[in-house]
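A.B. asks: So I've got this file, data04.csv, and it contains CSV, C-alpha atoms:
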```
chain,number,residue,atom,x,y,z
A,1,ALA,CA,132.5,57.5,29.7
A,2,GLN,CA,133.3,60.5,31.7
A,3,SER,CA,136.8,62.0,32.3
A,4,VAL,CA,138.5,64.9,33.9
A,5,ALA,CA,141.8,66.5,32.9
A,6,GLN,CA,144.0,68.6,35.2
A,7,PRO,CA,146.8,69.6,32.8
A,8,GLU,CA,149.2,70.9,35.4
A,9,ASP,CA,150.8,68.7,38.0
A,10,GLN,CA,152.0,71.7,39.9
A,11,VAL,CA,151.2,75.4,40.0
A,12,ASN,CA,153.5,77.9,41.7
A,13,VAL,CA,152.3,81.4,42.6
A,14,ALA,CA,153.5,84.1,44.9
A,15,GLU,CA,151.5,85.1,48.0
A,16,GLY,CA,149.1,87.9,47.2
A,17,ASN,CA,148.9,87.0,43.5
A,18,PRO,CA,145.9,85.6,41.8
A,19,LEU,CA,145.8,81.8,41.2
A,20,THR,CA,144.1,79.6,38.7
A,21,VAL,CA,144.0,75.8,38.7
A,22,LYS,CA,142.7,74.3,35.5
A,23,CYS,CA,140.2,71.6,34.9
A,24,THR,CA,138.5,70.3,31.8
A,25,TYR,CA,136.0,67.5,31.6
A,26,SER,CA,134.3,65.2,29.2
A,27,VAL,CA,130.8,63.7,29.8
A,28,SER,CA,127.8,62.6,27.9
A,29,GLY,CA,125.1,64.8,29.3
A,30,ASN,CA,125.0,67.6,31.8
A,31,PRO,CA,127.7,67.6,34.4
A,32,TYR,CA,127.9,68.1,38.1
A,33,LEU,CA,131.3,69.5,38.9
A,34,PHE,CA,133.3,69.7,42.1
A,35,TRP,CA,136.5,70.9,43.6
A,36,TYR,CA,138.1,69.3,46.6
A,37,VAL,CA,141.3,70.2,48.5
A,38,GLN,CA,143.6,67.8,50.3
A,39,TYR,CA,146.1,68.9,52.9
A,40,PRO,CA,148.9,66.6,54.1
A,41,ASN,CA,147.6,63.8,56.3
A,42,ARG,CA,144.0,65.1,55.9
A,43,GLY,CA,141.2,63.7,53.8
A,44,LEU,CA,139.6,65.4,50.8
A,45,GLN,CA,137.7,68.5,51.8
A,46,PHE,CA,134.9,69.9,49.7
A,47,LEU,CA,135.5,73.4,48.3
A,48,LEU,CA,132.7,74.1,45.9
A,49,LYS,CA,130.4,72.7,43.3
A,50,TYR,CA,128.5,73.5,40.1
A,51,ILE,CA,125.1,71.9,39.7
A,52,THR,CA,123.0,74.4,37.8
A,53,GLY,CA,122.4,78.1,37.6
A,54,ASP,CA,125.0,80.9,37.7
A,55,ASN,CA,128.2,79.8,36.0
A,56,LEU,CA,130.3,81.5,38.6
A,57,VAL,CA,130.3,79.5,41.8
A,58,LYS,CA,131.8,80.8,45.1
A,59,GLY,CA,133.1,78.4,47.7
A,60,SER,CA,135.1,78.1,50.9
A,61,TYR,CA,138.2,80.1,51.8
A,62,GLY,CA,137.6,82.7,49.1
A,63,PHE,CA,137.8,80.2,46.2
A,64,GLU,CA,135.6,80.5,43.2
A,65,ALA,CA,135.2,78.5,39.9
A,66,GLU,CA,133.6,79.3,36.6
A,67,PHE,CA,131.7,76.8,34.6
A,68,ASN,CA,132.2,77.2,30.8
A,69,LYS,CA,130.1,74.8,28.9
A,70,SER,CA,131.5,75.6,25.5
A,71,GLN,CA,135.0,75.0,26.6
A,72,THR,CA,134.0,72.2,29.0
A,73,SER,CA,136.1,73.8,31.7
A,74,PHE,CA,135.7,74.4,35.4
A,75,HIS,CA,138.8,76.3,36.5
A,76,LEU,CA,139.4,77.1,40.1
A,77,LYS,CA,140.4,80.7,41.0
A,78,LYS,CA,141.3,82.9,43.9
A,79,PRO,CA,142.1,86.6,43.6
A,80,SER,CA,144.8,86.6,46.2
A,81,ALA,CA,146.7,83.5,47.2
A,82,LEU,CA,147.8,82.7,50.7
A,83,VAL,CA,150.7,80.4,51.8
A,84,SER,CA,148.1,78.4,53.7
A,85,ASP,CA,146.4,77.6,50.3
A,86,SER,CA,149.3,75.3,49.4
A,87,ALA,CA,147.7,71.8,49.0
A,88,LEU,CA,146.6,69.3,46.4
A,89,TYR,CA,143.5,70.3,44.5
A,90,SER,CA,141.3,67.8,42.7
A,91,CYS,CA,138.5,68.4,40.2
A,92,ALA,CA,135.7,65.8,39.9
A,93,VAL,CA,132.6,65.3,37.7
A,94,ARG,CA,129.5,63.2,37.5
A,95,VAL,CA,126.7,63.2,35.0
A,96,LEU,CA,123.3,64.7,35.8
A,97,ASP,CA,120.1,62.8,35.0
A,98,THR,CA,121.5,59.3,35.4
A,99,GLY,CA,121.2,56.9,38.2
A,100,ARG,CA,125.0,56.7,38.6
A,101,ARG,CA,126.5,58.6,41.4
A,102,ALA,CA,130.2,57.8,41.0
A,103,LEU,CA,132.5,60.8,40.8
A,104,THR,CA,135.4,60.7,38.3
A,105,PHE,CA,138.4,62.7,39.5
A,106,GLY,CA,141.3,64.3,37.8
A,107,SER,CA,144.8,63.4,38.9
A,108,GLY,CA,145.2,66.5,41.0
A,109,THR,CA,147.2,69.7,40.9
A,110,ARG,CA,149.6,70.6,43.6
A,111,LEU,CA,149.5,74.3,44.4
A,112,GLN,CA,152.6,75.9,46.0
A,113,VAL,CA,152.2,79.4,47.2
A,114,GLN,CA,155.5,81.1,48.0
A,115,PRO,CA,155.9,83.8,50.6
B,1,ASP,CA,133.7,65.1,65.5
B,2,THR,CA,130.7,64.5,63.2
B,3,GLY,CA,132.6,63.7,60.0
B,4,VAL,CA,133.1,60.5,58.2
B,5,SER,CA,135.4,58.2,60.2
B,6,GLN,CA,137.5,55.3,58.9
B,7,ASN,CA,139.3,52.5,60.8
B,8,PRO,CA,142.0,51.6,60.9
B,9,ARG,CA,143.9,54.6,59.5
B,10,HIS,CA,146.9,52.4,58.5
B,11,LYS,CA,147.2,48.7,57.8
B,12,ILE,CA,150.3,46.7,56.9
B,13,THR,CA,149.7,43.1,55.8
B,14,LYS,CA,151.5,40.4,54.0
B,15,ARG,CA,150.6,39.3,50.5
B,16,GLY,CA,147.8,36.7,50.6
B,17,GLN,CA,146.2,37.8,53.8
B,18,ASN,CA,142.7,39.2,54.1
B,19,VAL,CA,142.0,42.7,55.4
B,20,THR,CA,138.8,44.5,56.4
B,21,PHE,CA,138.2,48.2,56.7
B,22,ARG,CA,135.4,50.0,58.3
B,23,CYS,CA,133.6,53.3,57.4
B,24,ASP,CA,131.2,55.2,59.6
B,25,PRO,CA,129.3,57.8,57.6
B,26,ILE,CA,128.0,61.2,58.8
B,27,SER,CA,124.9,60.6,60.8
B,28,GLU,CA,121.7,60.5,58.7
B,29,HIS,CA,123.6,60.2,55.4
B,30,ASN,CA,122.0,57.3,53.6
B,31,ARG,CA,124.5,57.2,50.7
B,32,LEU,CA,127.9,55.7,51.2
B,33,TYR,CA,130.8,55.4,48.7
B,34,TRP,CA,134.2,53.7,48.5
B,35,TYR,CA,137.1,54.9,46.4
B,36,ARG,CA,140.7,53.9,46.0
B,37,GLN,CA,143.6,56.3,45.5
B,38,THR,CA,147.1,55.3,44.5
B,39,LEU,CA,150.1,57.6,44.5
B,40,GLY,CA,149.9,60.4,42.0
B,41,GLN,CA,146.4,59.5,40.9
B,42,GLY,CA,143.0,60.9,41.7
B,43,PRO,CA,140.5,58.7,43.7
B,44,GLU,CA,138.9,55.9,41.6
B,45,PHE,CA,135.3,54.9,42.4
B,46,LEU,CA,134.8,51.4,43.7
B,47,THR,CA,131.2,51.0,44.9
B,48,TYR,CA,128.1,52.9,46.2
B,49,PHE,CA,125.4,52.1,48.7
B,50,GLN,CA,122.0,53.7,49.2
B,51,ASN,CA,121.0,52.5,52.6
B,52,GLU,CA,121.8,48.8,52.6
B,53,ALA,CA,121.5,48.3,48.9
B,54,GLN,CA,124.7,48.2,46.8
B,55,LEU,CA,123.6,50.1,43.7
B,56,GLU,CA,126.9,50.6,41.8
B,57,LYS,CA,130.0,48.6,41.4
B,58,SER,CA,133.1,49.5,39.4
B,59,ARG,CA,135.0,47.0,37.3
B,60,LEU,CA,137.9,47.8,39.6
B,61,LEU,CA,136.0,45.8,42.3
B,62,SER,CA,137.4,42.4,41.5
B,63,ASP,CA,136.1,39.1,43.0
B,64,ARG,CA,138.6,39.5,45.8
B,65,PHE,CA,136.9,42.7,47.0
B,66,SER,CA,133.6,42.7,48.8
B,67,ALA,CA,131.7,45.6,50.5
B,68,GLU,CA,128.8,45.4,52.8
B,69,ARG,CA,126.5,47.8,54.6
B,70,PRO,CA,124.1,45.4,56.4
B,71,LYS,CA,122.1,47.9,58.4
B,72,GLY,CA,122.4,50.9,56.3
B,73,SER,CA,124.8,52.6,58.7
B,74,PHE,CA,128.5,51.7,58.8
B,75,SER,CA,130.1,49.8,55.9
B,76,THR,CA,133.0,47.3,55.6
B,77,LEU,CA,135.3,46.7,52.7
B,78,GLU,CA,137.1,43.4,52.7
B,79,ILE,CA,140.0,42.4,50.4
B,80,GLN,CA,140.8,38.7,50.2
B,81,ARG,CA,144.1,37.3,49.3
B,82,THR,CA,145.8,40.7,49.1
B,83,GLU,CA,148.2,41.5,46.4
B,84,GLN,CA,151.0,44.1,46.3
B,85,GLY,CA,148.9,46.0,43.7
B,86,ASP,CA,146.2,46.5,46.3
B,87,SER,CA,148.5,48.9,48.2
B,88,ALA,CA,146.6,52.2,48.1
B,89,MET,CA,144.6,54.7,50.2
B,90,TYR,CA,141.0,53.5,50.6
B,91,LEU,CA,138.6,56.4,50.9
B,92,CYS,CA,135.0,56.4,52.2
B,93,ALA,CA,132.5,59.2,51.5
B,94,SER,CA,128.9,59.8,52.4
B,95,SER,CA,126.1,62.1,51.2
B,96,PRO,CA,122.7,63.0,52.5
B,97,PRO,CA,119.4,61.6,51.1
B,98,GLN,CA,118.3,64.6,49.1
B,99,GLY,CA,119.1,68.1,48.1
B,100,SER,CA,122.9,67.8,48.0
B,101,GLU,CA,125.2,66.1,45.6
B,102,THR,CA,128.2,66.7,47.7
B,103,GLN,CA,130.2,63.6,48.9
B,104,TYR,CA,132.0,64.2,52.2
B,105,PHE,CA,135.2,62.2,52.5
B,106,GLY,CA,136.8,60.5,55.5
B,107,PRO,CA,140.5,60.5,56.2
B,108,GLY,CA,141.1,57.2,54.5
B,109,THR,CA,142.8,53.9,55.3
B,110,ARG,CA,146.3,53.5,54.0
B,111,LEU,CA,147.0,49.9,53.0
B,112,LEU,CA,150.5,48.5,52.4
B,113,VAL,CA,150.8,45.0,51.2
B,114,LEU,CA,154.3,43.5,51.6
```
Could you quickly redo this structure as structure tokens?
C.D. replies:
Amino acid sequence: AQSVAQPEDQVNVAEGNPLTVKCTYSVSGNPYLFWYVQYPNRGLQFLLKYITGDNLVKGSYGFEAEFNKSQTSFHLKKPSALVSDSALYSCAVRVLDTGRRALTFGSGTRLQVQP
Amino acid sequence: DTGVSQNPRHKITKRGQNVTFRCDPISEHNRLYWYRQTLGQGPEFLTYFQNEAQLEKSRLLSDRFSAERPKGSFSTLEIQRTEQGDSAMYLCASSPPQGSETQYFGPGTRLLVL
């Protein structure tokens, strides 16, 4: 079975400071990893993904994430937070090399950026 | 707008009634997915179609739930004899045939069962 853990329900950061939203995963096999963002009254929006290759992945709105196989982590980062980054962030995983395409999501982390 | 669309956006029903939701994927996306999200939880996978074939079903998809994609384009999700525990946001996503593993999500249908 595959699972995703987002250990923090909420992360608070001041505008202009760096932010990190944590994600760890458990799968049997090689993972595909994703980050999505959800704004109020909006659907899940794709931010970035790791499939293979460079462990540092860059995505939309200045976000990036680092795949760490030994720590089974895929933390989301941004060098300088904006108030408009305040939203719910969800990490998801699925296993490569199987016929299954279902994503398993974490419970989400609410990011609050204070002015 | 060329994203995934879902209708209705909101549905209130009484326990025991049947409801049906519709999802229109992004044009030319042959893969379509249904998820359910309850308050404070991440989305949970329900089922997956490739074209008109239903290839994956979660154990969450009880006998009261049925999904179809008859022509490989739009999909419907029906819940029969709704229960209060069915209250949730129902999300649809689609992805292209090859080259991208990314699932693009619609805005969801929020169901409230009274």
A.B. asks: Check the smallest atom-to-atom distance from each of B:His29, B:Arg69, B:Arg9, B:Arg15 to Gly85 (chain B) using only C-alpha atoms, then report the winner.
C.D. replies: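 Using only C-alpha atoms, the shortest distance to Gly85 (chain B) belongs to B:Arg15.
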A.B. asks: Any idea which chain B residues end up within 8 Å of chain A if we count only C-alpha atoms, as a short mmCIF file (atom, residue, chain, number, x, y, z; two decimals) with C-alpha atoms, in the frame of the given file please?
C.D. replies:
```cif
data_model
loop_
_atom_site.label_atom_id
_atom_site.label_comp_id
_atom_site.auth_asym_id
_atom_site.auth_seq_id
_atom_site.Cartn_x
_atom_site.Cartn_y
_atom_site.Cartn_z
CA GLY B 40 149.90 60.40 42.00
CA GLN B 41 146.40 59.50 40.90
CA GLY B 42 143.00 60.90 41.70
CA PRO B 43 140.50 58.70 43.70
CA GLU B 44 138.90 55.90 41.60
CA PHE B 45 135.30 54.90 42.40
CA THR B 47 131.20 51.00 44.90
CA TYR B 48 128.10 52.90 46.20
CA GLU B 56 126.90 50.60 41.80
CA THR B 102 128.20 66.70 47.70
CA GLN B 103 130.20 63.60 48.90
CA TYR B 104 132.00 64.20 52.20
CA PHE B 105 135.20 62.20 52.50
CA GLY B 106 136.80 60.50 55.50
CA PRO B 107 140.50 60.50 56.20
CA GLY B 108 141.10 57.20 54.50
#
```
A.B. asks: CA of Ala93 (chain B) to CA of Ala1 (chain A): how many Å, to one decimal?
C.D. replies: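 Interatomic distance here is 21.9 Å.
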A.B. asks: Pick out the residues sitting within 6 Å of region 64-74 of chain A, and hand them over as a ChimeraX atom specification; count only C-alpha atoms, and ignore anything fewer than 6 positions along from it in its own chain.
C.D. replies: /A:23-25,55-58
A.B. asks: Can you tell me how far CA of Lys57 (chain B) sits from CA of Ser5 (chain B), in Å to one decimal?
C.D. replies: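 Interatomic distance here is 21.8 Å.
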A.B. asks: Quote the spacing between CA of Gln2 (chain A) and CA of Arg59 (chain B) in Å to one decimal place.
C.D. replies: 14.7 Å
A.B. asks: Which residue gives the smallest distance to Pro8 (chain B) among B:Glu101, B:Glu83, B:Asp63, B:Asp24, with only C-alpha atoms counted?
C.D. replies: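 The shortest atom-to-atom distance to Pro8 (chain B) comes from B:Asp24.
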A.B. asks: Neighbouring residues of Ser27 (chain B) were defined as those with any atom within 10 Å, considering only C-alpha atoms; residues of the same chain fewer than 2 positions away were excluded. Please report them as a ChimeraX atom specification.
C.D. replies: /B:2-4,24-25,29-30,73-74,94-96
A.B. asks: Hey, can you spit out that residue selection with C-alpha atoms as a short mmCIF file (atom, residue, chain, number, x, y, z; two decimals), in the frame of the given file?
C.D. replies:
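Final file, selection.cif:
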```cif
data_model
loop_
_atom_site.label_atom_id
_atom_site.label_comp_id
_atom_site.auth_asym_id
_atom_site.auth_seq_id
_atom_site.Cartn_x
_atom_site.Cartn_y
_atom_site.Cartn_z
CA THR B 2 130.70 64.50 63.20
CA GLY B 3 132.60 63.70 60.00
CA VAL B 4 133.10 60.50 58.20
CA ASP B 24 131.20 55.20 59.60
CA PRO B 25 129.30 57.80 57.60
CA HIS B 29 123.60 60.20 55.40
CA ASN B 30 122.00 57.30 53.60
CA SER B 73 124.80 52.60 58.70
CA PHE B 74 128.50 51.70 58.80
CA SER B 94 128.90 59.80 52.40
CA SER B 95 126.10 62.10 51.20
CA PRO B 96 122.70 63.00 52.50
#
```
A.B. asks: Show which residues sit within 12 Å of Asp86 (chain B), as a PyMOL selection string. Count all atoms listed in the file, and ignore same-chain residues fewer than 3 positions away.
C.D. replies: chain B and resi 11-19+36-39+60-62+64-65+78-83+89-90+110-114
A.B. asks: Please determine, counting all atoms listed in the file, which residue among A:Asp85, A:Glu15, A:Glu8, A:Asp54 has the shortest atom-to-atom distance to Val37 (chain A).
C.D. replies: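 Among the listed residues, A:Asp85 lies closest to Val37 (chain A).
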